[in-house]
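run.txt (compact mmCIF, C-alpha atoms and all ligand atoms)
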```txt
# COMPACT_ATOMS: atom_id res chain seq x y z
CA MET A 1 14.95 58.30 37.35
CA THR A 2 13.41 57.47 40.75
CA ASN A 3 12.32 54.02 41.83
CA ARG A 4 8.62 53.59 42.21
CA PRO A 5 6.81 50.85 44.05
CA ARG A 6 5.63 48.37 41.40
CA ARG A 7 1.89 48.03 40.90
CA ARG A 8 1.06 44.79 39.17
CA VAL A 9 -2.04 44.11 37.10
CA ASP A 10 -4.32 41.21 37.93
CA ARG A 11 -4.18 39.26 34.67
CA THR A 12 -7.44 37.36 35.23
CA HIS A 13 -9.39 40.57 35.91
CA LEU A 14 -7.63 42.26 32.98
CA GLU A 15 -8.58 39.54 30.48
CA ALA A 16 -12.16 39.52 31.77
CA LEU A 17 -12.38 43.29 31.24
CA LEU A 18 -10.84 43.13 27.76
CA GLY A 19 -13.17 40.26 26.87
CA ARG A 20 -16.05 42.74 27.05
CA LEU A 21 -14.60 45.04 24.35
CA GLY A 22 -15.83 42.98 21.39
CA LEU A 23 -12.31 42.31 20.09
CA PHE A 24 -11.37 39.32 17.94
CA PRO A 25 -10.61 36.42 20.32
CA VAL A 26 -6.95 36.34 19.18
CA GLU A 27 -6.52 39.97 20.29
CA VAL A 28 -7.54 39.61 23.94
CA PRO A 29 -4.50 37.71 25.32
CA SER A 30 -2.14 39.80 23.17
CA LEU A 31 -3.63 43.05 24.43
CA ALA A 32 -3.50 41.80 28.03
CA GLU A 33 0.16 40.91 27.53
CA LEU A 34 0.92 44.30 26.04
CA ILE A 35 -0.80 46.13 28.90
CA GLU A 36 1.05 43.99 31.43
CA LEU A 37 4.33 44.69 29.65
CA LEU A 38 4.01 48.47 29.36
CA THR A 39 2.64 48.96 32.88
CA GLY A 40 5.48 46.88 34.34
CA LEU A 41 8.34 48.90 32.87
CA SER A 42 10.26 51.78 34.42
CA ASP A 43 10.45 55.10 32.53
CA PRO A 44 11.77 54.78 28.97
CA PRO A 45 15.22 56.20 28.22
CA GLY A 46 15.03 59.87 27.30
CA ALA A 47 11.74 60.20 29.18
CA ASP A 48 12.28 63.88 30.00
CA GLU A 49 12.88 64.79 26.39
CA ASN A 50 10.72 62.39 24.41
CA PHE A 51 8.25 60.75 26.78
CA SER A 52 7.51 63.34 29.44
CA ARG A 53 3.97 62.04 30.10
CA PHE A 54 4.88 58.35 30.24
CA ARG A 55 4.63 57.96 34.00
CA GLU A 56 1.33 59.84 34.29
CA LEU A 57 -0.23 57.89 31.43
CA GLN A 58 1.10 54.60 32.79
CA GLU A 59 -0.49 55.36 36.19
CA ASN A 60 -3.80 56.09 34.43
CA VAL A 61 -3.69 52.66 32.77
CA LEU A 62 -2.87 50.95 36.06
CA THR A 63 -5.82 52.65 37.72
CA ALA A 64 -8.16 51.67 34.86
CA CYS A 65 -6.94 48.06 35.19
CA THR A 66 -8.40 47.88 38.68
CA GLY A 67 -11.73 49.38 37.59
CA ASP A 68 -14.73 47.88 35.86
CA ASP A 69 -14.95 49.91 32.64
CA PRO A 70 -13.24 48.30 29.63
CA GLU A 71 -13.75 51.37 27.40
CA THR A 72 -11.90 53.60 29.88
CA LEU A 73 -9.09 51.07 30.06
CA GLU A 74 -8.87 50.91 26.26
CA GLU A 75 -8.81 54.72 26.01
CA ARG A 76 -6.13 55.09 28.67
CA PHE A 77 -3.98 52.43 27.06
CA LEU A 78 -4.30 54.02 23.63
CA GLU A 79 -3.08 57.30 25.14
CA LEU A 80 0.00 55.56 26.54
CA TYR A 81 0.65 53.78 23.23
CA ALA A 82 0.24 57.01 21.21
CA HIS A 83 2.64 58.80 23.56
CA LEU A 84 5.31 56.14 23.02
CA HIS A 85 4.72 56.16 19.28
CA THR A 86 5.20 59.95 19.03
CA HIS A 87 3.68 61.59 15.98
CA GLU A 88 6.17 64.39 15.44
CA ALA A 89 9.13 62.98 13.58
CA PRO A 90 12.25 65.14 13.82
CA TYR A 91 13.60 65.48 10.26
CA THR A 92 16.79 67.12 9.12
CA ARG A 93 16.42 69.51 6.21
CA GLY A 94 17.63 66.81 3.79
CA GLU A 95 15.27 64.17 5.20
CA ARG A 96 12.34 66.57 4.94
CA ARG A 97 13.25 67.27 1.29
CA SER A 98 13.13 63.50 0.57
CA VAL A 99 9.81 63.08 2.41
CA ASP A 100 8.31 65.97 0.44
CA ALA A 101 9.74 64.73 -2.87
CA SER A 102 8.12 61.30 -2.47
CA GLY A 103 4.88 62.67 -1.02
CA GLY A 104 5.72 60.86 2.21
CA TYR A 105 3.39 60.64 5.18
CA TRP A 106 4.53 61.84 8.57
CA ALA A 107 4.66 59.69 11.65
CA HIS A 108 1.00 58.84 12.29
CA ALA A 109 0.46 55.70 14.35
CA GLY A 110 -0.76 52.51 12.71
CA GLY A 111 -2.59 51.53 15.91
CA LEU A 112 -2.73 48.43 18.01
CA SER A 113 -4.77 46.15 15.74
CA PRO A 114 -1.88 45.09 13.45
CA ILE A 115 0.26 44.28 16.49
CA LEU A 116 -2.49 42.24 18.12
CA ARG A 117 -3.41 40.35 14.94
CA ALA A 118 0.07 39.59 13.60
CA GLY A 119 0.74 36.68 15.95
CA PRO A 120 -0.47 33.83 13.72
CA TRP A 121 1.85 35.03 10.91
CA LEU A 122 5.04 35.51 12.93
CA GLY A 123 6.99 32.32 13.67
CA PRO A 124 10.61 31.60 14.67
CA GLY A 125 11.79 31.85 11.04
CA THR A 126 9.87 34.96 9.99
CA ARG A 127 11.70 37.98 8.61
CA SER A 128 9.44 40.99 9.03
CA VAL A 129 9.74 44.61 7.93
CA ASP A 130 8.09 47.94 8.69
CA LEU A 131 8.54 50.23 5.69
CA GLY A 132 8.44 53.76 7.09
CA ALA A 133 8.81 52.69 10.70
CA GLY A 134 8.98 55.99 12.62
CA ASN A 135 10.59 55.10 15.96
CA GLY A 136 9.87 51.44 15.19
CA LEU A 137 7.32 50.96 17.97
CA GLN A 138 5.07 48.77 15.81
CA GLY A 139 7.87 46.34 14.91
CA LEU A 140 9.31 46.40 18.42
CA LEU A 141 6.00 45.44 19.99
CA MET A 142 5.39 42.77 17.33
CA GLN A 143 8.84 41.34 18.04
CA LYS A 144 8.24 41.46 21.81
CA LEU A 145 4.79 39.85 21.66
CA HIS A 146 5.50 37.39 18.86
CA PRO A 147 9.26 36.69 18.85
CA HIS A 148 10.57 35.99 15.34
CA ARG A 149 13.84 35.77 13.45
CA SER A 150 14.29 39.42 12.52
CA CYS A 151 12.47 42.68 12.07
CA CYS A 152 13.83 45.25 9.64
CA GLN A 153 12.88 48.86 10.43
CA VAL A 154 13.25 51.20 7.46
CA GLU A 155 12.84 54.88 8.30
CA ILE A 156 13.99 58.12 6.72
CA SER A 157 14.35 60.05 10.00
CA GLY A 158 17.68 59.22 11.65
CA ALA A 159 16.51 60.86 14.91
CA MET A 160 13.44 58.60 15.06
CA VAL A 161 15.67 55.56 14.55
CA GLU A 162 17.89 56.69 17.44
CA ILE A 163 14.82 56.89 19.70
CA GLY A 164 13.82 53.44 18.46
CA ARG A 165 17.20 51.93 19.28
CA ARG A 166 16.80 53.13 22.86
CA LEU A 167 13.27 51.73 23.02
CA GLN A 168 14.61 48.38 21.83
CA HIS A 169 17.07 48.32 24.73
CA TRP A 170 14.32 49.37 27.17
CA LEU A 171 12.08 46.55 25.93
CA ARG A 172 15.00 44.11 26.26
CA ILE A 173 14.84 42.93 22.66
CA PRO A 174 18.16 41.29 21.68
CA PRO A 175 20.27 43.33 19.22
CA ASP A 176 20.18 40.68 16.47
CA ARG A 177 16.37 40.67 16.37
CA ILE A 178 16.06 44.20 14.94
CA GLU A 179 17.81 45.62 11.87
CA TRP A 180 17.63 49.43 11.78
CA ARG A 181 17.93 51.02 8.36
CA VAL A 182 17.96 54.80 8.03
CA ALA A 183 16.91 54.93 4.40
CA ASP A 184 14.51 56.32 1.83
CA VAL A 185 12.03 53.60 0.79
CA MET A 186 12.21 55.02 -2.74
CA LYS A 187 15.85 53.98 -2.97
CA THR A 188 16.51 51.14 -0.51
CA PRO A 189 16.60 47.54 -1.81
CA LEU A 190 13.24 45.81 -1.24
CA GLY A 191 12.62 42.10 -0.62
CA GLY A 192 13.75 39.20 1.51
CA TRP A 193 10.80 39.45 3.88
CA ASP A 194 7.93 37.08 4.67
CA PHE A 195 5.86 39.55 6.67
CA VAL A 196 5.52 43.11 5.44
CA TYR A 197 3.92 45.88 7.47
CA LEU A 198 3.44 49.38 6.10
CA TYR A 199 1.41 52.49 6.69
CA ARG A 200 1.67 54.65 3.58
CA PRO A 201 5.27 55.76 3.82
CA VAL A 202 4.72 57.53 0.48
CA ARG A 203 1.67 58.53 -1.54
CA PRO A 204 0.85 56.15 -4.40
CA ASN A 205 0.21 58.92 -6.90
CA GLY A 206 3.12 60.97 -8.19
CA PRO A 207 6.70 59.84 -7.60
CA GLY A 208 5.69 57.43 -4.80
CA ARG A 209 4.03 55.10 -7.34
CA VAL A 210 7.39 53.60 -8.25
CA PHE A 211 7.85 52.42 -4.65
CA TYR A 212 4.60 50.41 -4.72
CA GLU A 213 5.49 48.95 -8.13
CA ARG A 214 8.96 47.91 -6.94
CA LEU A 215 7.60 46.47 -3.69
CA SER A 216 4.92 44.42 -5.48
CA GLU A 217 7.48 43.02 -7.89
CA ALA A 218 9.86 42.11 -5.07
CA LEU A 219 7.15 40.40 -3.01
CA ALA A 220 5.76 38.51 -6.01
CA ALA A 221 9.26 37.15 -6.66
CA GLU A 222 9.51 35.57 -3.18
CA SER A 223 9.16 31.80 -3.38
CA GLY A 224 7.87 31.35 0.16
CA GLN A 225 4.68 32.58 1.77
CA VAL A 226 4.35 36.36 2.02
CA VAL A 227 1.88 38.14 4.29
CA VAL A 228 1.21 41.87 4.03
CA PHE A 229 -0.43 44.04 6.70
CA SER A 230 -1.19 47.42 5.16
CA ILE A 231 -2.71 50.39 7.00
CA ALA A 232 -4.80 52.80 4.89
CA ASP A 233 -3.87 50.48 2.07
CA CYS A 234 -2.17 51.81 -1.06
CA LEU A 235 -0.37 48.62 -2.07
CA GLY A 236 -3.35 46.42 -3.00
CA ASP A 237 -3.86 47.97 -6.46
CA PHE A 238 -0.31 47.01 -7.39
CA LEU A 239 -0.25 43.41 -6.13
CA PRO A 240 -0.68 40.59 -8.66
CA PRO A 241 -3.63 38.14 -8.36
CA ALA A 242 -1.49 35.60 -6.47
CA PHE A 243 -2.06 37.80 -3.41
CA ASP A 244 -5.35 37.01 -1.70
CA ARG A 245 -6.94 39.82 0.32
CA PHE A 246 -8.07 37.88 3.38
CA PHE A 247 -9.03 40.72 5.70
CA SER A 248 -9.97 44.38 5.58
CA ASP A 249 -11.79 46.69 7.97
CA GLY A 250 -10.96 49.88 6.09
CA HIS A 251 -8.04 50.62 8.41
CA LEU A 252 -6.03 47.41 8.24
CA THR A 253 -5.95 45.34 5.04
CA CYS A 254 -4.18 41.95 4.91
CA TYR A 255 -2.92 39.94 1.93
CA ARG A 256 -1.36 36.52 1.63
CA LYS A 257 0.58 34.89 -1.18
CA PRO A 258 1.05 31.15 -0.71
CA PRO A 259 4.49 29.60 -1.27
CA THR A 260 5.24 28.85 -4.92
CA ASN A 261 8.07 26.35 -4.50
CA ARG A 262 6.31 23.48 -2.71
C1 LIG B 301 2.24 57.03 8.62
S1 LIG B 301 3.82 56.84 9.40
C2 LIG B 301 3.79 55.15 9.91
C3 LIG B 301 4.64 54.86 11.12
C4 LIG B 301 4.61 53.39 11.58
N1 LIG B 301 5.01 52.52 10.50
C5 LIG B 301 3.24 52.98 12.04
O1 LIG B 301 2.55 52.26 11.32
O2 LIG B 301 2.82 53.37 13.15
C6 LIG B 301 4.89 56.86 7.96
C7 LIG B 301 6.37 56.86 8.28
O3 LIG B 301 7.08 56.79 7.05
C8 LIG B 301 8.22 57.63 7.13
N2 LIG B 301 8.57 58.04 5.77
C9 LIG B 301 8.00 59.01 4.99
N3 LIG B 301 8.61 59.05 3.79
C10 LIG B 301 9.58 58.11 3.80
C11 LIG B 301 10.55 57.68 2.86
N4 LIG B 301 10.61 58.20 1.64
N5 LIG B 301 11.39 56.66 3.21
C12 LIG B 301 11.33 56.10 4.45
N6 LIG B 301 10.43 56.47 5.39
C13 LIG B 301 9.56 57.45 5.07
C14 LIG B 301 7.78 58.81 8.00
O4 LIG B 301 8.90 59.48 8.58
C15 LIG B 301 6.89 58.09 9.02
O5 LIG B 301 7.67 57.68 10.13
```

As structure tokens, please, write out the structure in this file.
Ligand SMILES: C[S@@+](CC[C@H](N)C(=O)[O-])C[C@H]1O[C@@H](n2cnc3c(N)ncnc32)[C@H](O)[C@@H]1O
Amino acid sequence: MTNRPRRRVDRTHLEALLGRLGLFPVEVPSLAELIELLTGLSDPPGADENFSRFRELQENVLTACTGDDPETLEERFLELYAHLHTHEAPYTRGERRSVDASGGYWAHAGGLSPILRAGPWLGPGTRSVDLGAGNGLQGLLMQKLHPHRSCCQVEISGAMVEIGRRLQHWLRIPPDRIEWRVADVMKTPLGGWDFVYLYRPVRPNGPGRVFYERLSEALAAESGQVVVFSIADCLGDFLPPAFDRFFSDGHLTCYRKPPTNR
């Protein structure tokens, strides 16, 4: 890894640019922070093997930050994000059998919007989870942007979790803030979370149905507030009426159950 002269983004110009994208007001400072973070880091560990285009894509973002076109900046940043997320999960033969048996989805990216909108729901005491986390990028960036008590990352691919552990170190997230669990969501214990993020780890028809039934039951049994961010939502049909659907744009759907013990 060679040292490069640091190029810093001008935060005022950056926020002014992002302000022209038509985002929700809450998203602008979070996106600016994320851009500042990922353009200020050296190459991620394992760059040659897993993130060979990181430096090139990072340079593209830095260049777009000095320009005057917010759409170009957004596009360039999404390319960098997608590269870090990686969509090809390396599965062992056994892991692939489990994914196929539960009708599991492969490692498509949930996108930036859940990360940018989660802030109001993540406080110092929050225990979050990403069910089917891939390399955990979503939870890592949520933890970095909105520090909270713990983030549990459940993923069937052990290799993806190993990449995620290295990303955690790179992002300087303390060890006790992330719990990595190499596990099948069909079998792992569910519950004990106040903020649940998921992007269809398994299909809701066929064997995967049981997962959504178990998850709904576990979340309904929580006495405190529970917030769910669900991408390409499959969980909603299983949640009891106590869960209020307070947002949906077809991609991200959000639910909230108020506390029941106060
Ligand atoms: C659509 S991706 C979502 C990745 C990430 N959560 C996001 O939103 O960007 C679904 C993830 O679920 C994982 N997965 C599929 N079946 C699973 C299972 N039975 N148990 C645990 N994880 C599973 C896949 O390996 C993949 O990483």

TODO: Skip segment 212-225 of chain A itself and residues of its chain fewer than 4 positions away, then list as a PyMOL selection string all residues within 9 Å of it, counting only C-alpha atoms.
DONE: chain A and resi 186+190-195+202+204+208+234-240+242-243+256-262

Open item on the list: Let me make sure I understand: among A:Trp170, A:Trp180, A:Pro207, A:Gly125, which one has the smallest atom-to-atom distance to Cys152 of chain A if we use all atoms listed in the file?
Closed with: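 Checking each candidate against Cys152 of chain A, we get A:Trp180 as the closest.
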
Find the nearest atom pair between each residue of chain A and ligand LIG 301 (chain B) for residues within 6 Å, count all atoms listed in the file, give distances in Å to one decimal, sort rows by chain and ascending number, and present the table as JSON lines.
```
{"residue": "A:Ser98", "atom": "CA", "partner": "B:LIG301", "partner_atom": "N4", "distance": 6.0}
{"residue": "A:Val99", "atom": "CA", "partner": "B:LIG301", "partner_atom": "N3", "distance": 4.4}
{"residue": "A:Ser102", "atom": "CA", "partner": "B:LIG301", "partner_atom": "N4", "distance": 5.7}
{"residue": "A:Gly104", "atom": "CA", "partner": "B:LIG301", "partner_atom": "N3", "distance": 3.8}
{"residue": "A:Tyr105", "atom": "CA", "partner": "B:LIG301", "partner_atom": "C9", "distance": 4.9}
{"residue": "A:Trp106", "atom": "CA", "partner": "B:LIG301", "partner_atom": "C15", "distance": 4.5}
{"residue": "A:Ala107", "atom": "CA", "partner": "B:LIG301", "partner_atom": "S1", "distance": 3.7}
{"residue": "A:His108", "atom": "CA", "partner": "B:LIG301", "partner_atom": "C1", "distance": 4.3}
{"residue": "A:Ala109", "atom": "CA", "partner": "B:LIG301", "partner_atom": "O2", "distance": 3.5}
{"residue": "A:Gly110", "atom": "CA", "partner": "B:LIG301", "partner_atom": "O1", "distance": 3.6}
{"residue": "A:Asp130", "atom": "CA", "partner": "B:LIG301", "partner_atom": "N1", "distance": 5.8}
{"residue": "A:Gly132", "atom": "CA", "partner": "B:LIG301", "partner_atom": "O3", "distance": 3.3}
{"residue": "A:Ala133", "atom": "CA", "partner": "B:LIG301", "partner_atom": "N1", "distance": 3.8}
{"residue": "A:Gly134", "atom": "CA", "partner": "B:LIG301", "partner_atom": "O5", "distance": 3.3}
{"residue": "A:Gln138", "atom": "CA", "partner": "B:LIG301", "partner_atom": "O2", "distance": 5.8}
{"residue": "A:Glu155", "atom": "CA", "partner": "B:LIG301", "partner_atom": "N6", "distance": 4.1}
{"residue": "A:Ile156", "atom": "CA", "partner": "B:LIG301", "partner_atom": "C12", "distance": 4.0}
{"residue": "A:Ser157", "atom": "CA", "partner": "B:LIG301", "partner_atom": "O4", "distance": 5.7}
{"residue": "A:Ala183", "atom": "CA", "partner": "B:LIG301", "partner_atom": "C12", "distance": 5.7}
{"residue": "A:Asp184", "atom": "CA", "partner": "B:LIG301", "partner_atom": "N5", "distance": 3.4}
{"residue": "A:Val185", "atom": "CA", "partner": "B:LIG301", "partner_atom": "N5", "distance": 4.0}
{"residue": "A:Met186", "atom": "CA", "partner": "B:LIG301", "partner_atom": "N4", "distance": 5.6}
{"residue": "A:Leu198", "atom": "CA", "partner": "B:LIG301", "partner_atom": "N1", "distance": 5.6}
{"residue": "A:Tyr199", "atom": "CA", "partner": "B:LIG301", "partner_atom": "O1", "distance": 4.8}
{"residue": "A:Arg200", "atom": "CA", "partner": "B:LIG301", "partner_atom": "C1", "distance": 5.6}
{"residue": "A:Pro201", "atom": "CA", "partner": "B:LIG301", "partner_atom": "O3", "distance": 3.8}
{"residue": "A:Val202", "atom": "CA", "partner": "B:LIG301", "partner_atom": "N3", "distance": 5.3}
```

For the residues in the current selection, export C-alpha atoms as a PDB file, in the coordinates of the input.
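As written to disk, selection.pdb reads:
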```pdb
ATOM      1  CA  SER A  98      13.130  63.500   0.570  1.00  0.00           C
ATOM      2  CA  VAL A  99       9.810  63.080   2.410  1.00  0.00           C
ATOM      3  CA  SER A 102       8.120  61.300  -2.470  1.00  0.00           C
ATOM      4  CA  GLY A 104       5.720  60.860   2.210  1.00  0.00           C
ATOM      5  CA  TYR A 105       3.390  60.640   5.180  1.00  0.00           C
ATOM      6  CA  TRP A 106       4.530  61.840   8.570  1.00  0.00           C
ATOM      7  CA  ALA A 107       4.660  59.690  11.650  1.00  0.00           C
ATOM      8  CA  HIS A 108       1.000  58.840  12.290  1.00  0.00           C
ATOM      9  CA  ALA A 109       0.460  55.700  14.350  1.00  0.00           C
ATOM     10  CA  GLY A 110      -0.760  52.510  12.710  1.00  0.00           C
ATOM     11  CA  ASP A 130       8.090  47.940   8.690  1.00  0.00           C
ATOM     12  CA  GLY A 132       8.440  53.760   7.090  1.00  0.00           C
ATOM     13  CA  ALA A 133       8.810  52.690  10.700  1.00  0.00           C
ATOM     14  CA  GLY A 134       8.980  55.990  12.620  1.00  0.00           C
ATOM     15  CA  GLN A 138       5.070  48.770  15.810  1.00  0.00           C
ATOM     16  CA  GLU A 155      12.840  54.880   8.300  1.00  0.00           C
ATOM     17  CA  ILE A 156      13.990  58.120   6.720  1.00  0.00           C
ATOM     18  CA  SER A 157      14.350  60.050  10.000  1.00  0.00           C
ATOM     19  CA  ALA A 183      16.910  54.930   4.400  1.00  0.00           C
ATOM     20  CA  ASP A 184      14.510  56.320   1.830  1.00  0.00           C
ATOM     21  CA  VAL A 185      12.030  53.600   0.790  1.00  0.00           C
ATOM     22  CA  MET A 186      12.210  55.020  -2.740  1.00  0.00           C
ATOM     23  CA  LEU A 198       3.440  49.380   6.100  1.00  0.00           C
ATOM     24  CA  TYR A 199       1.410  52.490   6.690  1.00  0.00           C
ATOM     25  CA  ARG A 200       1.670  54.650   3.580  1.00  0.00           C
ATOM     26  CA  PRO A 201       5.270  55.760   3.820  1.00  0.00           C
ATOM     27  CA  VAL A 202       4.720  57.530   0.480  1.00  0.00           C
TER      28      VAL A 202
END
```

Considering only C-alpha atoms, return as a short mmCIF file (atom, residue, chain, number, x, y, z; two decimals) with C-alpha atoms, keeping the file's coordinate frame whatever protein or nucleic-acid residues lie within 12 Å of Pro25 of chain A, sequence-local ones (same chain, fewer than 4 positions apart) excluded.
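This went into result39.cif:
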```cif
data_model
loop_
_atom_site.label_atom_id
_atom_site.label_comp_id
_atom_site.auth_asym_id
_atom_site.auth_seq_id
_atom_site.Cartn_x
_atom_site.Cartn_y
_atom_site.Cartn_z
CA GLU A 15 -8.58 39.54 30.48
CA ALA A 16 -12.16 39.52 31.77
CA LEU A 18 -10.84 43.13 27.76
CA GLY A 19 -13.17 40.26 26.87
CA ARG A 20 -16.05 42.74 27.05
CA LEU A 21 -14.60 45.04 24.35
CA PRO A 29 -4.50 37.71 25.32
CA SER A 30 -2.14 39.80 23.17
CA LEU A 31 -3.63 43.05 24.43
CA ALA A 32 -3.50 41.80 28.03
CA LEU A 116 -2.49 42.24 18.12
CA ARG A 117 -3.41 40.35 14.94
#
```

Task: For Val227 of chain A, the nearest of the candidates A:Arg55, A:Arg177, A:Arg245, A:Lys187, counting all atoms listed in the file - done: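 Looking at the shortest contact to Val227 of chain A, the residue is A:Arg245.
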
TODO: Determine, counting only C-alpha atoms, which protein, DNA and RNA residues have an atom within 9 Å of an atom of segment 250-254 of chain A; residues of the same chain fewer than 2 positions away are not included. Present the result as a list in words.
DONE: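 These residues fall inside the cut-off: Gly110, Ser113, Pro114, Val227, Val228, Phe229, Ser230, Ile231, Ala232, Asp233, Gly236, Asp244, Arg245, Phe246, Phe247, Ser248 and Arg256 of chain A.
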
Open item on the list: For a test of reading the model, state the distance in Å between atom CA of Gln143 of chain A and atom CA of Leu122 of chain A, rounded to one decimal.
Closed with: 8.6 Å

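Atom pair atom CA of Leu141 of chain A / atom CA of Leu78 of chain A has a distance of 13.9 Å (rounded to one decimal).
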
Task: Best match for closeness to Leu171 of chain A among A:Leu112, A:Leu137, A:Tyr81, A:His148, counting all atoms listed in the file - done: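 Distance minimum relative to Leu171 of chain A lands on A:Leu137.
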
TODO: Would you mind listing what lies within 12 Å of Leu17 of chain A as a list of chain:residue names, with only C-alpha atoms counted and same-chain residues fewer than 2 positions away left out?
DONE: A:Val9, A:Asp10, A:Arg11, A:Thr12, A:His13, A:Leu14, A:Glu15, A:Gly19, A:Arg20, A:Leu21, A:Gly22, A:Leu23, A:Val28, A:Pro29, A:Leu31, A:Ala32, A:Ala64, A:Cys65, A:Thr66, A:Gly67, A:Asp68, A:Asp69, A:Pro70, A:Glu71, A:Thr72, A:Leu73, A:Glu74

- [ ] Provide the atom CA of Leu131 of chain A to atom CA of Val182 of chain A distance in Å, to one decimal place.
- [x] 10.7 Å

- [ ] Tell me which protein, DNA and RNA residues are within 10 Å of Arg6 of chain A, counting all atoms listed in the file, leaving out same-chain ones fewer than 5 positions away, and put them as a ChimeraX atom specification.
- [x] /A:39-42
